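So this block is data.csv, CSV, C-alpha atoms:
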```csv
chain,number,residue,atom,x,y,z
Q,328,MET,CA,101.8,112.4,131.1
Q,329,ARG,CA,101.4,108.7,131.6
Q,330,ALA,CA,97.9,107.3,131.4
Q,331,ALA,CA,97.2,104.2,133.5
Q,332,ALA,CA,93.5,103.4,133.3
Q,333,ARG,CA,91.8,100.1,134.1
Q,334,VAL,CA,88.6,99.0,132.4
Q,335,ARG,CA,86.4,96.2,133.6
Q,336,LEU,CA,85.6,93.9,130.6
Q,337,THR,CA,83.5,90.9,130.2
Q,338,THR,CA,83.2,88.9,126.9
Q,339,PRO,CA,82.2,91.9,124.7
Q,340,PRO,CA,78.5,92.0,123.6
Q,341,PRO,CA,77.8,92.6,119.9
Q,342,GLY,CA,79.1,96.0,118.8
Q,343,ALA,CA,80.6,96.9,122.3
Q,344,LEU,CA,83.5,99.3,122.5
Q,345,LEU,CA,85.4,99.6,125.8
Q,346,LEU,CA,87.6,102.3,127.3
Q,347,GLY,CA,91.1,103.2,126.0
Q,348,ALA,CA,92.9,104.5,123.0
Q,349,LEU,CA,96.1,104.1,120.9
Q,350,LEU,CA,97.7,106.1,118.1
Q,351,CYS,CA,100.6,106.0,115.7
Q,352,CYS,CA,101.3,109.3,113.9
Q,353,ALA,CA,103.7,111.9,115.1
Q,354,TYR,CA,104.9,115.5,114.3
Q,355,GLY,CA,108.5,116.6,114.6
Q,356,CYS,CA,111.6,114.7,113.7
Q,357,GLY,CA,114.8,113.5,115.4
Q,358,ASP,CA,118.2,113.2,113.8
Q,359,ASP,CA,117.3,110.1,111.9
Q,360,GLY,CA,114.2,111.7,110.4
Q,361,SER,CA,111.7,109.9,112.6
Q,362,PRO,CA,109.2,111.9,114.6
Q,363,GLU,CA,110.5,112.9,118.0
Q,364,LEU,CA,108.2,112.4,120.9
Q,365,THR,CA,108.3,113.7,124.5
Q,366,GLY,CA,106.0,113.0,127.4
Q,367,THR,CA,105.9,111.8,131.0
Q,368,ASP,CA,105.9,108.3,132.4
Q,369,ALA,CA,103.9,106.9,135.3
Q,370,SER,CA,106.5,108.2,137.9
Q,371,GLY,CA,106.4,111.7,136.5
Q,372,GLY,CA,109.8,111.4,134.7
Q,373,THR,CA,110.3,112.7,131.2
Q,374,THR,CA,110.4,110.3,128.3
Q,375,THR,CA,111.8,110.9,124.9
Q,376,GLY,CA,111.9,108.5,122.0
Q,377,ASP,CA,111.5,108.0,118.3
Q,378,THR,CA,108.6,106.4,116.4
Q,379,SER,CA,108.1,105.7,112.7
Q,380,SER,CA,104.7,104.0,113.2
Q,381,THR,CA,101.5,105.3,111.7
Q,382,GLY,CA,99.2,102.2,111.8
Q,383,LEU,CA,98.1,103.2,108.3
Q,384,PRO,CA,98.7,101.4,105.0
Q,385,GLY,CA,102.2,101.6,103.6
Q,386,THR,CA,104.0,102.1,106.9
Q,387,THR,CA,106.2,99.9,109.1
Q,388,THR,CA,105.8,99.5,112.9
Q,389,THR,CA,108.9,98.5,114.8
Q,390,GLY,CA,108.7,98.4,118.6
Q,391,THR,CA,110.1,96.9,121.7
Q,392,ALA,CA,107.8,94.5,123.6
Q,393,SER,CA,108.4,94.4,127.3
Q,394,ALA,CA,106.2,92.3,129.5
Q,395,GLU,CA,105.5,93.3,133.1
Q,396,GLY,CA,107.7,91.2,135.4
Q,397,SER,CA,108.8,89.1,132.4
Q,398,THR,CA,111.1,89.2,129.4
Q,399,THR,CA,112.1,92.4,127.6
Q,400,GLY,CA,112.6,92.1,123.8
Q,401,THR,CA,111.3,93.1,120.4
Q,402,THR,CA,108.0,91.6,119.4
Q,403,ASP,CA,108.0,90.1,115.9
Q,404,THR,CA,104.5,90.0,114.5
Q,405,THR,CA,105.5,89.9,110.8
Q,406,GLY,CA,105.5,86.2,110.8
Q,407,SER,CA,103.3,83.3,111.8
Q,408,SER,CA,102.5,83.6,115.5
Q,409,SER,CA,103.1,80.6,117.8
Q,410,THR,CA,102.9,80.2,121.6
Q,411,ASP,CA,106.2,78.4,122.2
Q,412,ASP,CA,109.2,79.9,124.0
Q,413,SER,CA,111.0,81.2,120.9
Q,414,THR,CA,108.9,82.9,118.2
Q,415,THR,CA,110.2,84.6,115.1
Q,416,GLY,CA,108.8,85.2,111.6
Q,417,SER,CA,108.8,87.3,108.5
Q,418,THR,CA,105.2,87.4,107.1
Q,419,THR,CA,103.6,90.8,106.5
Q,420,THR,CA,99.9,91.1,107.2
Q,421,GLY,CA,98.2,93.7,105.1
Q,422,SER,CA,100.5,96.6,104.4
Q,423,THR,CA,101.6,97.3,108.0
Q,424,GLU,CA,104.5,95.3,109.5
Q,425,THR,CA,105.8,94.8,113.0
Q,426,GLN,CA,109.3,93.4,113.3
Q,427,GLY,CA,111.2,91.7,116.1
Q,428,GLU,CA,111.1,88.6,118.3
Q,429,SER,CA,109.4,87.3,121.4
Q,430,SER,CA,110.5,84.9,124.0
Q,431,SER,CA,107.3,84.2,125.9
Q,432,SER,CA,104.2,82.1,125.6
Q,433,THR,CA,100.6,83.5,125.4
Q,434,SER,CA,99.0,80.6,127.2
Q,435,ASP,CA,100.8,80.3,130.5
Q,436,THR,CA,99.0,82.7,132.9
Q,437,THR,CA,99.3,80.6,136.1
Q,438,GLY,CA,102.5,82.2,137.3
Q,439,SER,CA,103.1,85.5,139.0
Q,440,SER,CA,104.7,87.2,136.0
Q,441,ALA,CA,102.9,88.6,132.9
Q,442,VAL,CA,103.9,87.1,129.5
Q,443,ASP,CA,104.2,88.8,126.1
Q,444,VAL,CA,101.5,88.4,123.6
Q,445,PRO,CA,102.9,88.6,120.0
Q,446,PHE,CA,100.5,90.5,117.7
Q,447,THR,CA,100.1,91.6,114.1
Q,448,VAL,CA,99.2,95.2,113.3
Q,449,GLN,CA,96.2,95.3,110.9
Q,450,ASP,CA,94.7,98.2,108.9
Q,451,PRO,CA,91.9,99.8,110.9
Q,452,SER,CA,90.5,101.4,107.7
Q,453,ILE,CA,88.9,98.1,106.8
Q,454,LEU,CA,86.3,99.0,109.5
Q,455,GLU,CA,83.3,101.2,108.6
Q,456,LEU,CA,83.4,104.6,110.3
Q,457,THR,CA,80.6,103.8,112.8
Q,458,ALA,CA,82.8,101.1,114.4
Q,459,ARG,CA,85.8,103.4,114.5
Q,460,VAL,CA,84.5,106.5,116.2
Q,461,PRO,CA,83.5,105.4,119.8
Q,462,PRO,CA,86.5,105.8,122.0
Q,463,GLY,CA,87.6,102.6,123.9
Q,464,TRP,CA,88.9,99.1,123.6
Q,465,VAL,CA,87.1,95.9,122.5
Q,466,VAL,CA,88.4,92.3,122.2
Q,467,VAL,CA,86.6,90.2,119.6
Q,468,THR,CA,87.0,86.4,120.0
Q,469,THR,CA,84.4,84.9,117.7
Q,470,GLY,CA,83.1,85.3,114.1
Q,471,ASP,CA,79.7,86.2,115.5
Q,472,GLN,CA,81.1,88.9,117.6
Q,473,TRP,CA,83.0,90.3,114.7
Q,474,ALA,CA,79.9,90.3,112.5
Q,475,SER,CA,78.0,92.2,115.2
Q,476,PHE,CA,80.8,94.7,115.7
Q,477,THR,CA,81.3,95.5,112.0
Q,478,ASP,CA,80.2,94.5,108.5
Q,479,ALA,CA,83.9,94.6,107.4
Q,480,PRO,CA,85.7,91.6,106.2
Q,481,VAL,CA,87.7,89.6,108.8
Q,482,PRO,CA,91.3,90.9,109.0
Q,483,ALA,CA,93.9,89.1,106.9
Q,484,GLY,CA,95.2,85.9,108.6
Q,485,VAL,CA,92.6,85.9,111.3
Q,486,THR,CA,90.6,82.7,111.8
Q,487,PHE,CA,88.2,82.9,114.7
Q,488,PRO,CA,88.3,81.5,117.4
Q,489,ASP,CA,92.0,80.5,117.0
Q,490,GLN,CA,92.9,84.2,116.6
Q,491,TRP,CA,91.4,87.1,118.4
Q,492,VAL,CA,91.3,90.8,117.5
Q,493,LEU,CA,91.8,93.9,119.7
Q,494,PHE,CA,90.5,97.3,118.5
Q,495,GLY,CA,91.3,100.5,120.2
Q,496,SER,CA,90.2,104.1,119.4
Q,497,ARG,CA,90.7,107.5,120.8
Q,498,GLY,CA,87.6,108.6,118.9
Q,499,PRO,CA,87.8,111.3,116.2
Q,500,GLN,CA,90.6,113.9,116.7
Q,501,PRO,CA,91.6,117.0,114.7
Q,502,TYR,CA,93.6,115.8,111.7
Q,503,PRO,CA,96.4,115.2,111.1
Q,504,GLY,CA,98.7,114.7,114.1
Q,505,HIS,CA,96.9,112.6,116.6
Q,506,ALA,CA,97.9,108.9,116.7
Q,507,LEU,CA,97.8,105.7,118.6
Q,508,ALA,CA,100.6,103.1,118.7
Q,509,VAL,CA,100.8,99.8,120.5
Q,510,ASN,CA,104.3,98.7,121.4
Q,511,ALA,CA,103.5,95.6,123.5
Q,512,LEU,CA,100.7,93.4,124.8
Q,513,SER,CA,101.1,91.3,127.9
Q,514,TRP,CA,98.8,88.8,129.6
Q,515,GLN,CA,98.4,87.8,133.2
Q,516,GLY,CA,95.4,86.1,134.8
Q,517,ASP,CA,92.4,87.6,133.2
Q,518,THR,CA,94.0,91.0,132.4
Q,519,LEU,CA,95.4,92.1,129.0
Q,520,SER,CA,97.8,95.0,129.4
Q,521,VAL,CA,98.4,97.4,126.5
Q,522,ALA,CA,101.6,99.5,126.4
Q,523,GLY,CA,102.2,102.1,123.8
Q,524,ASP,CA,101.8,105.8,122.9
Q,525,GLN,CA,99.0,108.3,122.5
Q,526,VAL,CA,100.5,111.0,120.3
Q,527,ASP,CA,99.2,114.5,120.2
Q,528,PRO,CA,100.4,117.4,118.0
Q,529,ALA,CA,102.2,120.1,120.0
Q,530,ASP,CA,101.1,123.7,120.1
Q,531,ASP,CA,103.5,124.5,117.2
Q,532,CYS,CA,101.5,122.2,114.8
Q,533,GLU,CA,98.6,123.1,112.6
Q,534,THR,CA,95.5,120.9,112.2
Q,535,TYR,CA,92.2,121.1,110.3
Q,536,GLU,CA,88.8,121.4,112.0
Q,537,PHE,CA,88.1,118.2,110.2
Q,538,ILE,CA,88.3,115.3,112.6
Q,539,TRP,CA,89.2,111.6,111.9
Q,540,PRO,CA,89.5,108.5,114.1
Q,541,ALA,CA,92.8,107.9,115.9
Q,542,ASP,CA,92.7,104.1,116.3
Q,543,THR,CA,94.5,100.8,116.0
Q,544,LEU,CA,93.6,97.2,115.1
Q,545,LEU,CA,95.7,94.2,116.2
Q,546,SER,CA,95.3,90.4,115.9
Q,547,PHE,CA,96.9,87.7,118.0
Q,548,ASP,CA,96.6,84.0,118.9
Q,549,ALA,CA,93.8,83.2,121.2
Q,550,LEU,CA,94.6,83.4,124.9
Q,551,ASP,CA,93.9,80.5,127.3
Q,552,GLY,CA,91.1,82.2,129.2
Q,553,LYS,CA,88.7,85.2,129.1
Q,554,VAL,CA,89.8,88.8,129.1
Q,555,GLU,CA,88.0,90.4,132.0
Q,556,ASP,CA,90.2,93.5,132.3
Q,557,ILE,CA,92.1,95.7,129.9
Q,558,ASP,CA,95.0,97.6,131.6
Q,559,ASP,CA,95.7,100.7,129.5
Q,560,GLN,CA,99.3,101.6,130.0
Q,561,THR,CA,99.7,103.9,127.0
Q,562,ALA,CA,101.7,107.1,127.6
Q,563,VAL,CA,100.5,110.5,126.4
Q,564,LEU,CA,103.2,112.2,124.3
Q,565,GLU,CA,103.4,115.4,122.3
Q,566,ALA,CA,105.1,115.7,118.9
Q,567,SER,CA,106.6,118.9,117.7
Q,568,CYS,CA,106.3,120.3,114.2
Q,569,ALA,CA,109.3,122.7,114.5
Q,570,ALA,CA,111.5,120.4,112.3
Q,571,GLY,CA,108.7,119.5,109.9
Q,572,ALA,CA,108.7,119.7,106.1
Q,573,ALA,CA,109.0,123.2,104.5
Q,574,GLU,CA,106.5,124.9,102.3
Q,575,SER,CA,105.8,123.2,99.0
Q,576,MET,CA,107.5,120.0,100.3
Q,577,ALA,CA,105.7,116.6,100.5
Q,578,CYS,CA,104.0,115.6,103.7
Q,579,ASP,CA,102.3,112.6,105.2
Q,580,LEU,CA,101.6,111.1,108.6
Q,581,ASP,CA,105.3,110.4,109.2
Q,582,SER,CA,106.6,113.6,107.7
Q,583,PRO,CA,104.4,116.5,109.0
Q,584,CYS,CA,104.6,120.1,107.9
Q,585,ALA,CA,106.6,122.7,109.8
Q,586,THR,CA,104.9,125.3,112.1
Q,587,GLY,CA,102.4,127.5,110.3
Q,588,LEU,CA,101.9,125.0,107.5
Q,589,LEU,CA,99.1,122.5,106.8
Q,590,CYS,CA,99.4,119.2,104.8
Q,591,ALA,CA,97.1,120.2,101.9
Q,592,GLY,CA,95.4,117.2,100.3
Q,593,ILE,CA,95.9,114.8,103.2
Q,594,ILE,CA,92.2,114.7,104.1
Q,595,ARG,CA,91.1,113.8,100.6
Q,596,SER,CA,93.9,111.3,100.1
Q,597,THR,CA,93.2,109.6,103.5
Q,598,VAL,CA,89.4,109.2,103.2
Q,599,LEU,CA,89.0,108.7,99.5
Q,600,ALA,CA,92.3,106.8,98.6
Q,601,ASN,CA,93.4,105.5,102.0
Q,602,ASP,CA,96.9,106.8,101.1
Q,603,PRO,CA,97.6,109.8,103.3
Q,604,GLY,CA,99.8,112.4,101.8
Q,605,GLY,CA,99.9,115.9,100.4
Q,606,LEU,CA,101.8,119.2,100.0
Q,607,CYS,CA,102.8,121.6,102.8
Q,608,LEU,CA,101.1,125.0,102.3
Q,609,ASP,CA,100.5,128.0,104.5
Q,610,SER,CA,97.6,127.5,106.8
Q,611,SER,CA,96.0,130.8,105.6
Q,612,ASN,CA,95.1,128.9,102.4
Q,613,SER,CA,92.3,127.1,104.4
Q,614,GLY,CA,89.0,128.3,105.7
Q,615,VAL,CA,85.7,127.2,107.3
Q,616,PHE,CA,82.5,128.7,105.9
Q,617,THR,CA,79.0,128.4,107.4
Q,618,GLY,CA,75.7,128.4,105.5
Q,619,GLY,CA,72.3,129.2,106.7
Q,620,ALA,CA,69.1,127.2,107.1
Q,621,VAL,CA,66.7,125.9,104.4
Q,622,THR,CA,63.4,124.1,104.6
Q,623,ILE,CA,63.1,120.7,102.8
Q,624,PRO,CA,59.5,120.7,101.6
Q,625,ALA,CA,57.4,117.5,101.4
Q,626,GLY,CA,56.1,116.0,98.2
Q,627,GLY,CA,59.3,115.3,96.2
Q,628,ALA,CA,60.5,118.9,96.0
Q,629,THR,CA,64.1,120.3,95.8
Q,630,ALA,CA,65.6,122.9,98.1
Q,631,GLU,CA,68.7,124.9,97.3
Q,632,LEU,CA,70.8,127.1,99.6
Q,633,SER,CA,73.9,129.1,98.6
Q,634,MET,CA,76.8,130.7,100.4
Q,635,GLU,CA,79.8,132.9,99.3
Q,636,VAL,CA,83.4,131.8,99.7
Q,637,SER,CA,86.2,134.3,99.4
Q,638,GLY,CA,89.7,135.0,100.6
Q,639,LEU,CA,91.2,131.7,99.6
Q,640,THR,CA,93.7,131.1,96.8
Q,641,THR,CA,92.4,129.6,93.5
Q,642,VAL,CA,91.7,125.8,93.4
Q,643,ASP,CA,90.7,123.1,95.9
Q,644,MET,CA,92.9,120.6,97.7
Q,645,ASP,CA,90.5,119.5,100.4
Q,646,VAL,CA,86.8,120.0,100.7
Q,647,THR,CA,84.7,118.7,103.6
Q,648,ILE,CA,81.1,119.3,104.6
Q,649,LEU,CA,79.1,118.9,107.9
Q,650,LEU,CA,75.3,119.2,107.9
Q,651,ASP,CA,72.9,119.7,110.7
Q,652,LEU,CA,70.0,117.9,109.1
Q,653,ASP,CA,66.5,117.5,110.7
Q,654,HIS,CA,64.3,115.1,108.7
Q,655,PRO,CA,62.1,112.2,109.7
Q,656,ALA,CA,63.3,110.0,106.8
Q,657,PRO,CA,66.8,111.0,105.6
Q,658,GLU,CA,66.9,107.8,103.4
Q,659,GLU,CA,64.5,109.7,101.1
Q,660,LEU,CA,66.9,112.5,100.4
Q,661,GLU,CA,69.6,113.1,97.8
Q,662,ILE,CA,72.1,115.7,99.0
Q,663,GLU,CA,74.7,117.3,96.6
Q,664,LEU,CA,77.2,120.1,96.8
Q,665,ARG,CA,77.9,122.4,93.8
Q,666,ASN,CA,81.2,124.4,93.6
Q,667,PRO,CA,81.7,127.7,91.9
Q,668,ASP,CA,82.8,125.9,88.7
Q,669,GLY,CA,79.4,124.2,88.5
Q,670,ASN,CA,80.6,120.7,89.5
Q,671,GLU,CA,77.9,119.1,91.4
Q,672,VAL,CA,78.9,116.0,93.5
Q,673,SER,CA,77.1,113.7,95.9
Q,674,VAL,CA,77.2,114.3,99.7
Q,675,ALA,CA,74.6,111.6,100.6
Q,676,ASN,CA,72.3,109.5,98.4
Q,677,LEU,CA,69.3,107.9,100.1
Q,678,GLN,CA,71.5,107.3,103.1
Q,679,SER,CA,69.7,105.5,106.0
Q,680,THR,CA,72.7,105.4,108.3
Q,681,GLU,CA,74.0,108.3,110.4
Q,682,LEU,CA,75.4,111.1,108.2
Q,683,HIS,CA,78.2,112.1,110.6
Q,684,PRO,CA,79.0,109.3,113.1
Q,685,GLY,CA,81.1,110.8,115.9
Q,686,GLY,CA,80.7,114.2,114.3
Q,687,VAL,CA,83.0,113.4,111.4
Q,688,PRO,CA,82.3,115.6,108.3
Q,689,ILE,CA,81.8,114.1,104.8
Q,690,VAL,CA,84.5,114.2,102.2
Q,691,PRO,CA,82.6,114.5,98.9
Q,692,THR,CA,83.8,112.4,96.0
Q,693,GLY,CA,84.2,114.1,92.6
Q,694,PHE,CA,85.9,117.5,93.1
Q,695,SER,CA,89.0,117.4,90.9
Q,696,GLY,CA,91.5,119.4,92.9
Q,697,ASP,CA,91.7,121.9,90.0
Q,698,GLU,CA,88.4,123.8,90.4
Q,699,SER,CA,87.7,127.3,91.6
Q,700,VAL,CA,87.0,127.7,95.4
Q,701,ASN,CA,86.2,131.4,95.6
Q,702,GLY,CA,82.6,132.2,94.6
Q,703,THR,CA,79.2,130.6,95.2
Q,704,TRP,CA,78.8,127.2,96.7
Q,705,THR,CA,75.3,125.6,96.7
Q,706,LEU,CA,73.8,122.9,98.8
Q,707,ILE,CA,71.1,120.9,96.9
Q,708,VAL,CA,68.6,118.7,98.8
Q,709,ARG,CA,66.1,116.6,96.8
Q,710,ASP,CA,63.2,114.8,98.4
Q,711,THR,CA,62.8,111.8,96.2
Q,712,VAL,CA,59.5,110.5,97.7
Q,713,ASP,CA,56.1,112.2,97.2
Q,714,ASN,CA,54.8,112.0,100.8
Q,715,ALA,CA,54.1,114.2,103.8
Q,716,ASN,CA,57.7,114.1,105.2
Q,717,SER,CA,59.3,117.5,105.4
Q,718,GLY,CA,62.3,118.8,107.3
Q,719,SER,CA,65.2,121.2,107.2
Q,720,VAL,CA,68.9,121.9,107.1
Q,721,GLN,CA,69.6,123.9,110.2
Q,722,THR,CA,73.2,124.8,109.3
Q,723,TRP,CA,76.0,123.5,107.1
Q,724,ASP,CA,79.7,124.1,107.2
Q,725,VAL,CA,82.3,123.6,104.5
Q,726,GLU,CA,86.0,123.5,105.2
Q,727,ILE,CA,88.3,124.1,102.2
Q,728,MET,CA,92.0,123.9,101.7
Q,729,SER,CA,93.2,125.7,98.6
Q,730,ARG,CA,96.3,126.3,96.5
Q,731,LEU,CA,97.5,128.5,93.7
Q,732,ASP,CA,96.6,127.2,90.3
```

Target encoding structure tokens, full file:
Amino acid sequence: MRAAARVRLTTPPPGALLLGALLCCAYGCGDDGSPELTGTDASGGTTTGDTSSTGLPGTTTTGTASAEGSTTGTTDTTGSSSTDDSTTGSTTTGSTETQGESSSSTSDTTGSSAVDVPFTVQDPSILELTARVPPGWVVVTTGDQWASFTDAPVPAGVTFPDQWVLFGSRGPQPYPGHALAVNALSWQGDTLSVAGDQVDPADDCETYEFIWPADTLLSFDALDGKVEDIDDQTAVLEASCAAGAAESMACDLDSPCATGLLCAGIIRSTVLANDPGGLCLDSSNSGVFTGGAVTIPAGGATAELSMEVSGLTTVDMDVTILLDLDHPAPEELEIELRNPDGNEVSVANLQSTELHPGGVPIVPTGFSGDESVNGTWTLIVRDTVDNANSGSVQTWDVEIMSRLD
């Protein structure tokens, strides 16, 4: 269905995130190999279209930019942006590219018609996880606001205050399959309108219990005024996996797996390498396993808790862990996970920030992808400070995707 929400917005305070969401990854393919989407527009009619946009590194975004009551055309944000009446270009920012042309100015907001705002698609993975998980929209107009919003570097080509940044997030969603894609921005009065697609996997798609932010990051030339409202005109679409990649075939955000299959390895490749991709395997190769509670004693002691994993194939493709930790000073703790082959990797090391912002599990670094999954997994928690602080692990969950060796 069509989502049309309006959010009241003043100049964003440090770290503020406002309502909205946008995605760009789809399941199911049309005749040209691009994902096929279906949904409803604002009038209740059915919409069908193709998208090849993921908003992630290594992909190309091509869209049609139509402004309310104004010009309809293709927005070219691959080049240098200007605010005259005929803007074209060919520069790629980061590794995501939007191609086309625009025939409108971003500074004339005195008339009755909205005008197109040419934009450049940036890579949202430059942001730390804590900035990506709250759902909503935020416009950042100054360097100070950007520093308060995130510790990340300023996006490529952005020079505040001459350029602004728009960030949108749907929050963490089951992965893969949920996406957010912006096709057009338009500007009228004090309102910035966002048109695009929120893509959800259809019921014939498989996803992990692992969740990951579905978000987008855009930059554009500064507008001649304040953004007081964001008009979210993104349409909610479903993408089918019926025509997805077959078993043992390659998969990524643009080439999902067919019904009953999961993209093995895509969690690890996304989070650790920022290069989503994997191999389509039967979803029965995955499983979620829950461990019990353990007390973390005070005085610099170590606590260990084990659980048994069985019923999977032989070696790991994806491993994630979610801890319910209760401790007054988690920055004093070293937490590790040991697999059945004895490989012990870090989960959190003296970490003072939130372990699971937005409920996102941790993807441990160090498992090889060629180690046994069936057997004893052990959680190790070391208190590195000899003081009176004690605590506990209430529960811990490990999700594993496996394959035959």

- Item | Atom-to-atom span, atom CA of Q:Tyr535 and atom CA of Q:Glu663, Å |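 Atom CA of Q:Glu663 lies 22.5 Å from atom CA of Q:Tyr535.
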
Per residue of stretch 428-537 of chain Q within 10 Å of stretch 676-692 of chain Q, record the nearest atom pair and its distance in Å to one decimal, counting all atoms listed in the file, with rows in chain order and ascending residue number, as CSV.
```
residue,atom,partner,partner_atom,distance
Q:Leu456,CA,Q:Pro684,CA,7.0
Q:Thr457,CA,Q:Pro684,CA,5.7
Q:Ala458,CA,Q:Pro684,CA,9.1
Q:Arg459,CA,Q:Gly685,CA,8.9
Q:Val460,CA,Q:Gly685,CA,5.5
Q:Pro461,CA,Q:Gly685,CA,7.1
Q:Pro462,CA,Q:Gly685,CA,9.6
Q:Gly498,CA,Q:Gly685,CA,7.5
Q:Pro499,CA,Q:Gly685,CA,6.7
Q:Gln500,CA,Q:Val687,CA,9.3
Q:Pro501,CA,Q:Val687,CA,9.9
Q:Glu536,CA,Q:Pro688,CA,9.5
Q:Phe537,CA,Q:Pro688,CA,6.6
```

- Place a sphere of radius 10 Å on (93.2, 124.6, 99.9) in the file coordinates and name every protein, DNA or RNA residue with an atom inside or on its surface, counting only C-alpha atoms; give the answer as a list in words. Leu589, Cys590, Ala591, Gly592, Leu608, Asp609, Ser610, Ser611, Asn612, Ser613, Gly614, Leu639, Thr640, Thr641, Val642, Asp643, Met644, Asp645, Val646, Gly696, Val700, Glu726, Ile727, Met728, Ser729, Arg730 and Leu731 of chain Q

- Computed interatomic separation between atom CA of Q:Ala600 and atom CA of Q:Ala572 (Å): 22.2 Å

- Message: as a ChimeraX atom specification, please: the residues near Q:Ile662 (cut-off 8 Å, all atoms listed in the file, same-chain neighbours under 4 positions excluded).
- Response: /Q:673-676,706-709

For C-alpha atoms, I'd like the residues from the last selection saved as a short mmCIF file (atom, residue, chain, number, x, y, z; two decimals), in the coordinates of the input.
```cif
data_model
loop_
_atom_site.label_atom_id
_atom_site.label_comp_id
_atom_site.auth_asym_id
_atom_site.auth_seq_id
_atom_site.Cartn_x
_atom_site.Cartn_y
_atom_site.Cartn_z
CA SER Q 673 77.10 113.70 95.90
CA VAL Q 674 77.20 114.30 99.70
CA ALA Q 675 74.60 111.60 100.60
CA ASN Q 676 72.30 109.50 98.40
CA LEU Q 706 73.80 122.90 98.80
CA ILE Q 707 71.10 120.90 96.90
CA VAL Q 708 68.60 118.70 98.80
CA ARG Q 709 66.10 116.60 96.80
#
```

- Query: In Å to one decimal, how far is atom CA of Q:Thr518 from atom CA of Q:Lys553?
  - Reply: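 Taking atom CA of Q:Lys553 as the start and atom CA of Q:Thr518 as the end point, the length is 8.5 Å.
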
Determine the axis-aligned bounding box of all atoms of stretch 468-480 of chain Q present in the file, pad each side by 3 Å, and express its centre and edge lengths in Å to one decimal place as AutoDock Vina command-line options.
```
--center_x 82.5 --center_y 90.2 --center_z 113.1 --size_x 15.0 --size_y 16.6 --size_z 19.8
```

- Item | Residue nearest Q:Leu599 among Q:Thr469, Q:Phe694, Q:Pro488, Q:Val444 (counting only C-alpha atoms) |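 Checking each of Q:Thr469, Q:Phe694, Q:Pro488, Q:Val444 against Q:Leu599, counting only C-alpha atoms, the winner is Q:Phe694.
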
- Task: Go through Q:Asp443, Q:Thr543, Q:Thr597, Q:Gly619 and flag the residue nearest Q:Ser520, using all atoms listed in the file for the distances.
- Result: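 Ranked by minimum distance to Q:Ser520, first place goes to Q:Asp443.
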
- Message: Here is a test: counting only C-alpha atoms, which residue of Q:Leu564, Q:Leu652, Q:Ala529, Q:Ala441 is nearest to Q:Trp514?
- Response: Q:Ala441

- Task: Counting only C-alpha atoms, select every polymer residue within 8 Å of (97.5, 112.2, 110.8) as defined in the file's coordinates, and provide the selection as number ranges by chain.
- Result: Q: 352-353, 502-506, 579-580, 603

Would you mind exporting the chosen residues as an mmCIF file, in the frame of the given file, restricted to C-alpha atoms?
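Now in part.cif:
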```
data_model
loop_
_atom_site.group_PDB
_atom_site.id
_atom_site.type_symbol
_atom_site.label_atom_id
_atom_site.label_comp_id
_atom_site.auth_asym_id
_atom_site.auth_seq_id
_atom_site.Cartn_x
_atom_site.Cartn_y
_atom_site.Cartn_z
ATOM 1 C CA CYS Q 352 101.300 109.300 113.900
ATOM 2 C CA ALA Q 353 103.700 111.900 115.100
ATOM 3 C CA TYR Q 502 93.600 115.800 111.700
ATOM 4 C CA PRO Q 503 96.400 115.200 111.100
ATOM 5 C CA GLY Q 504 98.700 114.700 114.100
ATOM 6 C CA HIS Q 505 96.900 112.600 116.600
ATOM 7 C CA ALA Q 506 97.900 108.900 116.700
ATOM 8 C CA ASP Q 579 102.300 112.600 105.200
ATOM 9 C CA LEU Q 580 101.600 111.100 108.600
ATOM 10 C CA PRO Q 603 97.600 109.800 103.300
#
```

- Message: Under the rule that all atoms listed in the file are counted, which of Q:Ser695, Q:Thr586, Q:Asn510, Q:Ser575 is the nearest residue to Q:Leu606?
- Response: Q:Ser575

- Quick one: everything within 7 Å of Q:Ala479, counting only C-alpha atoms, minus sequence neighbours fewer than 5 positions away in the same chain. Send it as an NGL selection string. :Q and (453-455)

- Within 7 Å of Q:Ala522, counting all atoms listed in the file, which residues show up once you throw out same-chain ones fewer than 3 positions away? Write them as a PyMOL selection string, please. chain Q and resi 509-512+559-561

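Of the residues under consideration (Q:Gly516, Q:Gly571, Q:Gly484, Q:Pro540), Q:Gly516 shows the shortest atom-to-atom contact distance to Q:Val554 when counting all atoms listed in the file.
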
- Query: Of the candidates Q:Gly495, Q:Pro667, Q:Pro657, Q:Gly605, which shows the shortest atom-to-atom distance to Q:Met576, using all atoms listed in the file?
  - Reply: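 For Q:Met576, the nearest of the candidates is Q:Gly605.
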